[in-house]
Structures are given as structure tokens and as C-alpha cells.
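Asks: Here you go, work.json (JSON, C-alpha atoms):
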```json
[["chain", "number", "residue", "atom", "x", "y", "z"],
["A", 1, "MET", "CA", 17.26, 19.23, 0.13],
["A", 2, "SER", "CA", 16.04, 21.96, -2.16],
["A", 3, "SER", "CA", 13.93, 24.81, -0.75],
["A", 4, "ARG", "CA", 10.75, 22.97, -1.81],
["A", 5, "PRO", "CA", 11.55, 19.26, -1.69],
["A", 6, "ARG", "CA", 9.66, 16.74, -3.81],
["A", 7, "ILE", "CA", 8.30, 14.07, -1.48],
["A", 8, "ASP", "CA", 6.49, 10.86, -2.54],
["A", 9, "LEU", "CA", 5.35, 8.78, 0.45],
["A", 10, "HIS", "CA", 3.75, 5.71, -1.17],
["A", 11, "THR", "CA", 5.61, 3.33, -3.51],
["A", 12, "HIS", "CA", 5.90, -0.42, -4.08],
["A", 13, "SER", "CA", 8.77, -2.66, -5.15],
["A", 14, "THR", "CA", 9.08, -6.35, -6.03],
["A", 15, "ALA", "CA", 9.07, -7.04, -2.28],
["A", 16, "SER", "CA", 5.29, -6.89, -2.79],
["A", 17, "ASP", "CA", 3.53, -6.14, -6.07],
["A", 18, "GLY", "CA", 5.71, -3.56, -7.82],
["A", 19, "THR", "CA", 7.81, -4.29, -10.89],
["A", 20, "LEU", "CA", 11.04, -2.55, -9.83],
["A", 21, "GLY", "CA", 13.35, -4.10, -7.26],
["A", 22, "PRO", "CA", 13.95, -1.97, -4.14],
["A", 23, "ALA", "CA", 17.37, -0.89, -5.42],
["A", 24, "GLU", "CA", 15.93, -0.01, -8.84],
["A", 25, "LEU", "CA", 13.11, 1.88, -7.17],
["A", 26, "VAL", "CA", 15.32, 4.23, -5.16],
["A", 27, "ARG", "CA", 17.47, 4.89, -8.23],
["A", 28, "ALA", "CA", 14.32, 5.61, -10.26],
["A", 29, "ALA", "CA", 13.12, 7.96, -7.51],
["A", 30, "ALA", "CA", 16.37, 9.91, -7.69],
["A", 31, "ASP", "CA", 16.16, 10.00, -11.50],
["A", 32, "ALA", "CA", 12.59, 11.34, -11.22],
["A", 33, "GLY", "CA", 13.91, 14.28, -9.20],
["A", 34, "LEU", "CA", 12.52, 13.23, -5.84],
["A", 35, "ASP", "CA", 14.17, 14.37, -2.61],
["A", 36, "VAL", "CA", 12.27, 11.93, -0.37],
["A", 37, "VAL", "CA", 10.69, 8.57, -1.19],
["A", 38, "ALA", "CA", 8.85, 6.14, 1.08],
["A", 39, "LEU", "CA", 9.01, 2.41, 0.36],
["A", 40, "THR", "CA", 5.65, 1.03, 1.49],
["A", 41, "ASP", "CA", 5.32, -2.55, 0.26],
["A", 42, "HIS", "CA", 2.26, -4.54, 1.28],
["A", 43, "ASP", "CA", 2.62, -6.11, 4.73],
["A", 44, "THR", "CA", 6.41, -6.51, 4.51],
["A", 45, "THR", "CA", 9.69, -4.78, 5.29],
["A", 46, "ALA", "CA", 11.71, -7.11, 3.04],
["A", 47, "GLY", "CA", 12.64, -4.29, 0.66],
["A", 48, "TRP", "CA", 14.12, -2.02, 3.30],
["A", 49, "GLU", "CA", 17.69, -3.35, 3.36],
["A", 50, "PRO", "CA", 18.26, -3.55, -0.42],
["A", 51, "ALA", "CA", 16.78, -0.06, -0.80],
["A", 52, "LEU", "CA", 19.12, 1.27, 1.90],
["A", 53, "ARG", "CA", 22.17, -0.32, 0.32],
["A", 54, "ALA", "CA", 21.40, 1.25, -3.05],
["A", 55, "LEU", "CA", 20.25, 4.66, -1.80],
["A", 56, "PRO", "CA", 21.58, 7.35, -4.17],
["A", 57, "ALA", "CA", 23.24, 10.49, -2.85],
["A", 58, "GLY", "CA", 20.77, 13.27, -2.15],
["A", 59, "LEU", "CA", 17.74, 11.01, -1.70],
["A", 60, "ARG", "CA", 16.10, 10.43, 1.68],
["A", 61, "LEU", "CA", 14.39, 7.09, 2.30],
["A", 62, "VAL", "CA", 11.38, 6.72, 4.57],
["A", 63, "ARG", "CA", 10.97, 3.08, 5.50],
["A", 64, "GLY", "CA", 7.38, 1.94, 5.76],
["A", 65, "ALA", "CA", 4.72, -0.57, 4.76],
["A", 66, "GLU", "CA", 1.13, -0.59, 3.56],
["A", 67, "LEU", "CA", -0.94, -2.71, 5.92],
["A", 68, "SER", "CA", -3.95, -4.70, 4.71],
["A", 69, "CYS", "CA", -6.73, -3.73, 7.11],
["A", 70, "ARG", "CA", -10.45, -4.11, 7.54],
["A", 71, "TRP", "CA", -13.15, -2.21, 9.33],
["A", 72, "TYR", "CA", -15.73, -4.49, 10.92],
["A", 73, "GLY", "CA", -18.67, -2.10, 10.79],
["A", 74, "PRO", "CA", -22.41, -2.66, 11.21],
["A", 75, "ASP", "CA", -22.76, -4.11, 7.70],
["A", 76, "SER", "CA", -20.26, -6.29, 5.85],
["A", 77, "PRO", "CA", -16.56, -5.56, 6.56],
["A", 78, "VAL", "CA", -14.84, -2.87, 4.48],
["A", 79, "PRO", "CA", -11.22, -3.44, 3.39],
["A", 80, "LEU", "CA", -8.84, -0.49, 3.64],
["A", 81, "HIS", "CA", -5.12, 0.24, 3.65],
["A", 82, "LEU", "CA", -3.02, 1.86, 6.32],
["A", 83, "LEU", "CA", 0.36, 3.37, 5.48],
["A", 84, "ALA", "CA", 2.78, 2.86, 8.38],
["A", 85, "TYR", "CA", 5.95, 4.95, 8.46],
["A", 86, "LEU", "CA", 9.21, 4.61, 10.38],
["A", 87, "PHE", "CA", 8.12, 1.80, 12.72],
["A", 88, "ASP", "CA", 10.42, -0.68, 14.45],
["A", 89, "PRO", "CA", 10.57, -3.67, 12.05],
["A", 90, "GLU", "CA", 11.35, -6.00, 14.96],
["A", 91, "HIS", "CA", 8.38, -5.08, 17.16],
["A", 92, "PRO", "CA", 7.13, -8.59, 18.09],
["A", 93, "ALA", "CA", 3.36, -8.04, 17.90],
["A", 94, "LEU", "CA", 3.55, -6.19, 14.58],
["A", 95, "VAL", "CA", 5.99, -8.73, 13.11],
["A", 96, "ALA", "CA", 3.62, -11.56, 14.03],
["A", 97, "GLU", "CA", 0.58, -9.85, 12.55],
["A", 98, "LEU", "CA", 2.35, -9.05, 9.27],
["A", 99, "ALA", "CA", 3.56, -12.64, 8.98],
["A", 100, "ARG", "CA", 0.00, -13.89, 9.50],
["A", 101, "VAL", "CA", -1.36, -11.59, 6.78],
["A", 102, "ARG", "CA", 1.38, -12.54, 4.30],
["A", 103, "LEU", "CA", 0.74, -16.25, 4.82],
["A", 104, "ALA", "CA", -3.01, -15.76, 4.40],
["A", 105, "ARG", "CA", -2.39, -13.79, 1.18],
["A", 106, "GLN", "CA", -0.29, -16.64, -0.21],
["A", 107, "VAL", "CA", -2.89, -19.27, 0.70],
["A", 108, "ARG", "CA", -5.56, -17.14, -0.95],
["A", 109, "GLY", "CA", -3.47, -16.78, -4.11],
["A", 110, "GLU", "CA", -2.97, -20.51, -4.35],
["A", 111, "ARG", "CA", -6.72, -21.08, -3.95],
["A", 112, "ILE", "CA", -7.51, -18.54, -6.70],
["A", 113, "VAL", "CA", -5.11, -20.32, -9.05],
["A", 114, "ALA", "CA", -6.79, -23.63, -8.20],
["A", 115, "LEU", "CA", -10.17, -22.13, -9.15],
["A", 116, "LEU", "CA", -8.77, -20.86, -12.45],
["A", 117, "ARG", "CA", -7.20, -24.23, -13.25],
["A", 118, "ALA", "CA", -10.46, -26.04, -12.39],
["A", 119, "ASP", "CA", -12.06, -23.98, -15.17],
["A", 120, "GLY", "CA", -9.38, -25.06, -17.62],
["A", 121, "ILE", "CA", -7.34, -21.84, -17.41],
["A", 122, "ASP", "CA", -3.67, -22.70, -17.79],
["A", 123, "VAL", "CA", -1.88, -20.72, -15.09],
["A", 124, "SER", "CA", 0.82, -22.19, -12.88],
["A", 125, "TRP", "CA", 1.19, -21.51, -9.16],
["A", 126, "PRO", "CA", 4.92, -22.38, -9.12],
["A", 127, "GLU", "CA", 5.46, -19.96, -12.02],
["A", 128, "ILE", "CA", 3.56, -17.20, -10.19],
["A", 129, "LEU", "CA", 5.64, -17.80, -7.05],
["A", 130, "ALA", "CA", 8.83, -17.67, -9.11],
["A", 131, "ALA", "CA", 7.75, -14.42, -10.79],
["A", 132, "ALA", "CA", 7.04, -12.90, -7.36],
["A", 133, "ALA", "CA", 10.72, -13.54, -6.55],
["A", 134, "GLY", "CA", 10.12, -13.81, -2.84],
["A", 135, "GLY", "CA", 7.77, -10.84, -2.68],
["A", 136, "THR", "CA", 4.40, -10.87, -0.94],
["A", 137, "VAL", "CA", 2.16, -12.68, -3.44],
["A", 138, "GLY", "CA", -1.08, -10.95, -4.37],
["A", 139, "ARG", "CA", -3.65, -10.72, -7.12],
["A", 140, "PRO", "CA", -1.38, -8.50, -9.27],
["A", 141, "HIS", "CA", 0.99, -11.47, -9.65],
["A", 142, "ILE", "CA", -1.90, -13.65, -10.84],
["A", 143, "ALA", "CA", -2.95, -10.85, -13.18],
["A", 144, "GLN", "CA", 0.52, -10.90, -14.73],
["A", 145, "ALA", "CA", 0.21, -14.66, -15.29],
["A", 146, "LEU", "CA", -3.10, -14.10, -17.09],
["A", 147, "ILE", "CA", -1.42, -11.46, -19.26],
["A", 148, "ARG", "CA", 1.51, -13.78, -20.04],
["A", 149, "ALA", "CA", -0.98, -16.48, -21.03],
["A", 150, "GLY", "CA", -2.66, -14.07, -23.46],
["A", 151, "LEU", "CA", -5.98, -14.32, -21.61],
["A", 152, "VAL", "CA", -6.24, -10.62, -20.79],
["A", 153, "ALA", "CA", -4.58, -7.57, -22.27],
["A", 154, "SER", "CA", -3.93, -5.58, -19.10],
["A", 155, "THR", "CA", -3.96, -5.57, -15.31],
["A", 156, "THR", "CA", -7.16, -3.52, -15.47],
["A", 157, "GLU", "CA", -8.86, -6.24, -17.51],
["A", 158, "ALA", "CA", -7.53, -8.93, -15.16],
["A", 159, "PHE", "CA", -9.16, -7.11, -12.24],
["A", 160, "GLY", "CA", -12.49, -6.91, -14.08],
["A", 161, "PRO", "CA", -15.60, -8.87, -13.01],
["A", 162, "ASP", "CA", -14.93, -11.81, -15.37],
["A", 163, "TRP", "CA", -11.60, -12.47, -13.72],
["A", 164, "LEU", "CA", -10.02, -11.46, -10.41],
["A", 165, "GLY", "CA", -12.46, -8.68, -9.62],
["A", 166, "GLU", "CA", -15.45, -10.93, -9.06],
["A", 167, "ARG", "CA", -15.61, -14.39, -10.63],
["A", 168, "TYR", "CA", -12.25, -15.55, -9.23],
["A", 169, "ARG", "CA", -12.08, -13.26, -6.22],
["A", 170, "LEU", "CA", -11.75, -14.72, -2.74],
["A", 171, "PRO", "CA", -11.82, -12.85, 0.58],
["A", 172, "LYS", "CA", -8.51, -12.27, 2.32],
["A", 173, "GLU", "CA", -7.57, -12.01, 5.95],
["A", 174, "ASP", "CA", -6.71, -8.51, 7.10],
["A", 175, "ILE", "CA", -5.91, -6.68, 10.35],
["A", 176, "ASP", "CA", -8.67, -4.92, 12.24],
["A", 177, "VAL", "CA", -7.92, -1.27, 11.48],
["A", 178, "PHE", "CA", -8.06, -0.10, 15.11],
["A", 179, "HIS", "CA", -5.69, -2.89, 16.10],
["A", 180, "ALA", "CA", -3.40, -1.88, 13.21],
["A", 181, "VAL", "CA", -3.30, 1.78, 14.28],
["A", 182, "ARG", "CA", -2.44, 0.77, 17.86],
["A", 183, "LEU", "CA", 0.21, -1.72, 16.67],
["A", 184, "VAL", "CA", 1.91, 0.87, 14.46],
["A", 185, "ARG", "CA", 1.98, 3.41, 17.29],
["A", 186, "ALA", "CA", 3.28, 0.79, 19.74],
["A", 187, "ALA", "CA", 6.10, 0.06, 17.28],
["A", 188, "GLY", "CA", 7.03, 3.75, 17.18],
["A", 189, "GLY", "CA", 5.50, 4.28, 13.76],
["A", 190, "VAL", "CA", 3.18, 6.86, 12.25],
["A", 191, "PRO", "CA", -0.09, 5.59, 10.66],
["A", 192, "VAL", "CA", -1.72, 7.35, 7.69],
["A", 193, "PHE", "CA", -4.94, 6.20, 6.01],
["A", 194, "ALA", "CA", -4.23, 5.43, 2.31],
["A", 195, "HIS", "CA", -6.63, 6.79, -0.35],
["A", 196, "PRO", "CA", -9.54, 6.95, 2.14],
["A", 197, "ARG", "CA", -12.10, 8.45, -0.25],
["A", 198, "ALA", "CA", -11.33, 6.41, -3.41],
["A", 199, "THR", "CA", -14.88, 5.44, -4.38],
["A", 200, "ARG", "CA", -13.63, 4.06, -7.71],
["A", 201, "ARG", "CA", -11.92, 1.28, -5.73],
["A", 202, "GLY", "CA", -15.14, 0.20, -4.07],
["A", 203, "ARG", "CA", -16.86, 0.92, -0.76],
["A", 204, "ILE", "CA", -15.39, 3.57, 1.52],
["A", 205, "VAL", "CA", -15.72, 4.07, 5.25],
["A", 206, "PRO", "CA", -17.74, 6.92, 6.80],
["A", 207, "ASP", "CA", -16.08, 10.08, 8.06],
["A", 208, "GLU", "CA", -17.22, 9.14, 11.57],
["A", 209, "LEU", "CA", -14.93, 6.11, 11.47],
["A", 210, "ILE", "CA", -11.97, 8.29, 10.50],
["A", 211, "ALA", "CA", -12.75, 10.54, 13.47],
["A", 212, "ASP", "CA", -12.73, 7.46, 15.72],
["A", 213, "LEU", "CA", -9.42, 6.33, 14.21],
["A", 214, "ALA", "CA", -7.96, 9.78, 14.86],
["A", 215, "GLY", "CA", -8.91, 9.30, 18.49],
["A", 216, "ALA", "CA", -7.14, 5.92, 18.45],
["A", 217, "GLY", "CA", -3.87, 7.36, 17.08],
["A", 218, "LEU", "CA", -4.29, 7.86, 13.32],
["A", 219, "ALA", "CA", -1.87, 10.60, 12.27],
["A", 220, "GLY", "CA", -2.98, 11.53, 8.77],
["A", 221, "LEU", "CA", -4.90, 11.03, 5.54],
["A", 222, "GLU", "CA", -3.57, 10.53, 2.03],
["A", 223, "ALA", "CA", -5.44, 13.13, -0.04],
["A", 224, "ASP", "CA", -3.56, 13.55, -3.34],
["A", 225, "HIS", "CA", -3.73, 10.16, -5.07],
["A", 226, "GLU", "CA", -4.61, 9.09, -8.60],
["A", 227, "ASP", "CA", -7.74, 7.27, -7.40],
["A", 228, "HIS", "CA", -9.17, 10.42, -5.79],
["A", 229, "SER", "CA", -11.21, 12.84, -7.88],
["A", 230, "PRO", "CA", -10.62, 16.56, -7.23],
["A", 231, "ALA", "CA", -13.80, 16.61, -5.12],
["A", 232, "GLU", "CA", -12.61, 13.60, -3.11],
["A", 233, "ARG", "CA", -9.23, 15.24, -2.52],
["A", 234, "ALA", "CA", -10.95, 18.39, -1.28],
["A", 235, "HIS", "CA", -13.17, 16.34, 1.04],
["A", 236, "VAL", "CA", -10.16, 14.55, 2.53],
["A", 237, "ARG", "CA", -8.31, 17.82, 3.08],
["A", 238, "ALA", "CA", -11.32, 19.38, 4.81],
["A", 239, "LEU", "CA", -11.80, 16.34, 7.03],
["A", 240, "ALA", "CA", -8.10, 16.30, 7.95],
["A", 241, "ALA", "CA", -8.25, 19.99, 8.87],
["A", 242, "GLU", "CA", -11.32, 19.38, 11.02],
["A", 243, "LEU", "CA", -9.66, 16.48, 12.85],
["A", 244, "GLY", "CA", -6.16, 17.98, 13.11],
["A", 245, "LEU", "CA", -4.65, 15.27, 10.92],
["A", 246, "LEU", "CA", -1.73, 15.72, 8.55],
["A", 247, "VAL", "CA", -2.28, 15.35, 4.79],
["A", 248, "THR", "CA", -0.05, 13.43, 2.37],
["A", 249, "GLY", "CA", 0.16, 13.10, -1.39],
["A", 250, "SER", "CA", 1.79, 10.21, -3.19],
["A", 251, "SER", "CA", 2.00, 8.26, -6.42],
["A", 252, "ASP", "CA", 1.25, 4.74, -5.10],
["A", 253, "PHE", "CA", 3.81, 3.73, -7.73],
["A", 254, "HIS", "CA", 3.82, 0.06, -8.79],
["A", 255, "GLY", "CA", 6.09, 0.21, -11.85],
["A", 256, "THR", "CA", 4.47, -1.15, -15.00],
["A", 257, "HIS", "CA", 1.52, -2.59, -13.04],
["A", 258, "LYS", "CA", 0.10, 0.94, -13.09],
["A", 259, "THR", "CA", 0.46, 3.93, -15.39],
["A", 260, "VAL", "CA", 1.11, 6.44, -12.58],
["A", 261, "ARG", "CA", 4.63, 7.93, -12.45],
["A", 262, "LEU", "CA", 6.91, 8.35, -9.45],
["A", 263, "GLY", "CA", 6.34, 11.76, -7.95],
["A", 264, "ALA", "CA", 2.95, 12.18, -9.64],
["A", 265, "PHE", "CA", 1.67, 13.63, -6.35],
["A", 266, "HIS", "CA", 3.64, 15.17, -3.52],
["A", 267, "THR", "CA", 3.51, 15.58, 0.25],
["A", 268, "ALA", "CA", 4.11, 19.03, 1.71],
["A", 269, "PRO", "CA", 7.37, 19.34, 3.67],
["A", 270, "GLU", "CA", 5.44, 20.35, 6.79],
["A", 271, "ALA", "CA", 3.47, 17.09, 6.79],
["A", 272, "TYR", "CA", 6.62, 15.09, 6.16],
["A", 273, "GLU", "CA", 8.38, 16.83, 9.05],
["A", 274, "ARG", "CA", 5.46, 15.97, 11.35],
["A", 275, "ILE", "CA", 5.78, 12.29, 10.41],
["A", 276, "VAL", "CA", 9.52, 12.30, 11.12],
["A", 277, "ALA", "CA", 9.00, 14.15, 14.41],
["A", 278, "GLU", "CA", 6.29, 11.73, 15.61],
["A", 279, "ALA", "CA", 8.25, 8.56, 14.75],
["A", 280, "SER", "CA", 10.39, 6.70, 17.27],
["A", 281, "GLY", "CA", 10.80, 3.31, 15.57],
["A", 282, "VAL", "CA", 13.46, 3.95, 12.94],
["A", 283, "THR", "CA", 14.74, 7.19, 11.45],
["A", 284, "GLU", "CA", 14.61, 8.51, 7.90],
["A", 285, "VAL", "CA", 17.85, 7.75, 6.07],
["A", 286, "ALA", "CA", 19.89, 9.96, 3.76],
["A", 287, "SER", "CA", 22.76, 8.62, 1.66],
["A", 288, "GLY", "CA", 26.21, 10.07, 2.02]]
```
Show me this structure written as C-alpha cells.
Replies:
Amino acid sequence: MSSRPRIDLHTHSTASDGTLGPAELVRAAADAGLDVVALTDHDTTAGWEPALRALPAGLRLVRGAELSCRWYGPDSPVPLHLLAYLFDPEHPALVAELARVRLARQVRGERIVALLRADGIDVSWPEILAAAAGGTVGRPHIAQALIRAGLVASTTEAFGPDWLGERYRLPKEDIDVFHAVRLVRAAGGVPVFAHPRATRRGRIVPDELIADLAGAGLAGLEADHEDHSPAERAHVRALAAELGLLVTGSSDFHGTHKTVRLGAFHTAPEAYERIVAEASGVTEVASG
């Protein structure tokens, strides 16, 4: 590694809702000048092996996942995402929970397509499944079908209120966030709260909840992210410092589904080293 490595700890491949295959993704990460990349597909580890097989020389791979979670607070539940790094992919309880969430996501997708078709919108569930190529099916795959049909011009439009953002949005099953943190730790992994202050994405959880999660085993907060304003990033950093949590920065790269580039935001080497030191599920991997 160089004296100041470039570390991106949040990316997606076609194993979930990215547009690059896992092998393409690690090659693109090397081409972008990264020293470390984490593969964190939604609720799946399916991309780990192909990414490992294609790992370019000089690039370190952190195997992970982004877990679909929910906080069941005093009002209506708040969805949130938990980045899980270097956990044992064969830990029985975690494997079972991820399989449940993936199945629920697929059932939800099929129901959304049925609603669209009932309104005369010509999208095909078999075509969406085929385009997902075995990846975890989510709303981004339906958005791509709407784009292919010429009904919307972009993913952003597809996620607007007239389409998947409201009119054709259905709730999805998630993992209780405290249960998720405990599961990740039990599997030897390191849990980090993804984009915790991103108000542009919708409702956020209170700082008091993050303090409670820190007590339950949360290791860190993702501060530098395209969906955080400078003020939100500063707030996350201050909260992490107060709670003794590590801070990460990442692109949340999805290929052409988003405009953000690989390596758009970085994690400090010290935070990365803490993640590696705390993990006991699997190790980071370097090629050659």
C-alpha cells in the first residue's frame, strides 16, 4: 500500500443492484487507483467469490454486505442500512436472516410489478428477474425496466412520487437493527451505520438511538457519503467522536445506477485498521 492508501468501503455489484459484475467492480476499483475496496451488496455475499477470483494485484478486498434494517421506534418504523464487514458468511443465524430478507425483497418486487401491470404499464417480471442475473432483486431493477420501456428518463425519476417512490411503493421486510448488530458481531463481523444522517433519503433516527446501538456493539458511522451535506458529515463526525465510534467514508458506488464515482469518498487508514483488527469472521484479502 502507498503511504496514504485510498480506501472505499461501500460498493455494489450485480450481486445486488449495481451494474458492474463483482469481477468488473474490483478491476474498476484498481483502475480508479484504490488500494482497498469493500464489496457490500444488499443482504448477500454472492459476489464475494467472483470478486476474489478476479482481484487485481495491489488491491485489497474487504468482504461485506449492506443489511436492510429497521428501527421500531415510538412512531412508525424507520428503515436504515447497516454495513457489515468481514463476517463469517456461513454463520447460521445470519445466513437464515439474510435469506429471509432476500426472499421478502423478491416477493415485494413481484407485487410492485403486478400493481404496475394492473394499471396498464407494460413491464415484465420475468424480464426483470433475467436482468438481475441472479442478484438480489430490488426497486432499482424495476426502475431499469421502466427506463427500458421509455416510461421514465432516469432512476431518479423512477424513484419519484409518481412511480416507485410513492404510488407503487410497498413496504419491505427488514431486520430489527439491534438484532442485526448482534448478529454481525456474533458472526465475527464489524457493523457500521450507513449514511446515518442522510435527510435527503427520508426520515433519520435520533442520535440517542445511535448511542444505544453503540452500546449494543455498533462499531462506526459512515460520515463522508454523497447523500450527506457538509453539515451532516460534521454532525456524524462529532457524534462518532462523542461515542468513541470509528468514522468511514465511501462512494456507495452502484455503477450507472448512480452518478457517484468509485473512490469519491475515502476512509482513513486508522479507521480501516480498526475494522480489520476487530473482525474475526473472515480476513481482508490481497491479491498476489
Asks: Work out how far CA of Arg27 (chain A) is from CA of Val247 (chain A), in Å to one decimal.
Replies: 25.9 Å
Asks: Mind pulling up the distance from CA of Pro77 (chain A) to CA of His254 (chain A)?
Replies: 26.1 Å
Asks: Between CA of Pro22 (chain A) and CA of Gly47 (chain A), what is the spacing in Å?
Replies: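 Those two atoms sit 5.5 Å apart.
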Asks: So, with all atoms listed in the file as the atoms that count, which of A:Arg237, A:Arg63, A:His257, A:Arg139 lies closest to Phe87 (chain A)?
Replies: A:Arg63
Asks: Give me the residues within 12 Å of region 95-100 of chain A as a compact mmCIF listing (two decimals) with C-alpha atoms, in the coordinates of the input, counting only C-alpha atoms and dropping any in the same chain fewer than 5 places off.
Replies:
```
# COMPACT_ATOMS: atom_id res chain seq x y z
CA ASP A 41 5.32 -2.55 0.26
CA HIS A 42 2.26 -4.54 1.28
CA ASP A 43 2.62 -6.11 4.73
CA THR A 44 6.41 -6.51 4.51
CA THR A 45 9.69 -4.78 5.29
CA ALA A 46 11.71 -7.11 3.04
CA ALA A 65 4.72 -0.57 4.76
CA GLU A 66 1.13 -0.59 3.56
CA LEU A 67 -0.94 -2.71 5.92
CA SER A 68 -3.95 -4.70 4.71
CA CYS A 69 -6.73 -3.73 7.11
CA ALA A 84 2.78 2.86 8.38
CA PHE A 87 8.12 1.80 12.72
CA ASP A 88 10.42 -0.68 14.45
CA PRO A 89 10.57 -3.67 12.05
CA GLU A 90 11.35 -6.00 14.96
CA ARG A 105 -2.39 -13.79 1.18
CA GLN A 106 -0.29 -16.64 -0.21
CA VAL A 107 -2.89 -19.27 0.70
CA THR A 136 4.40 -10.87 -0.94
CA LYS A 172 -8.51 -12.27 2.32
CA GLU A 173 -7.57 -12.01 5.95
CA ASP A 174 -6.71 -8.51 7.10
CA ILE A 175 -5.91 -6.68 10.35
CA ASP A 176 -8.67 -4.92 12.24
CA HIS A 179 -5.69 -2.89 16.10
CA ALA A 180 -3.40 -1.88 13.21
CA LEU A 183 0.21 -1.72 16.67
CA VAL A 184 1.91 0.87 14.46
CA ALA A 186 3.28 0.79 19.74
CA ALA A 187 6.10 0.06 17.28
```
Asks: Smallest atom-to-atom distance to Leu25 (chain A): which of A:Arg53, A:Arg274, A:Arg111, A:Arg6, using only C-alpha atoms?
Replies: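 Once distances to Leu25 (chain A) are computed over only C-alpha atoms, the minimum belongs to A:Arg53.
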Asks: List as a CSV table (one decimal) with C-alpha atoms, in the frame of the given file the protein and nucleic acid residues near Thr156 (chain A), meaning an atom at most 12 Å away when only C-alpha atoms are counted, but skip any in the same chain fewer than 5 places from it.
Replies:
```
chain,number,residue,atom,x,y,z
A,139,ARG,CA,-3.6,-10.7,-7.1
A,140,PRO,CA,-1.4,-8.5,-9.3
A,143,ALA,CA,-3.0,-10.8,-13.2
A,144,GLN,CA,0.5,-10.9,-14.7
A,146,LEU,CA,-3.1,-14.1,-17.1
A,147,ILE,CA,-1.4,-11.5,-19.3
A,161,PRO,CA,-15.6,-8.9,-13.0
A,162,ASP,CA,-14.9,-11.8,-15.4
A,163,TRP,CA,-11.6,-12.5,-13.7
A,164,LEU,CA,-10.0,-11.5,-10.4
A,165,GLY,CA,-12.5,-8.7,-9.6
A,201,ARG,CA,-11.9,1.3,-5.7
A,256,THR,CA,4.5,-1.2,-15.0
A,257,HIS,CA,1.5,-2.6,-13.0
A,258,LYS,CA,0.1,0.9,-13.1
A,259,THR,CA,0.5,3.9,-15.4
```
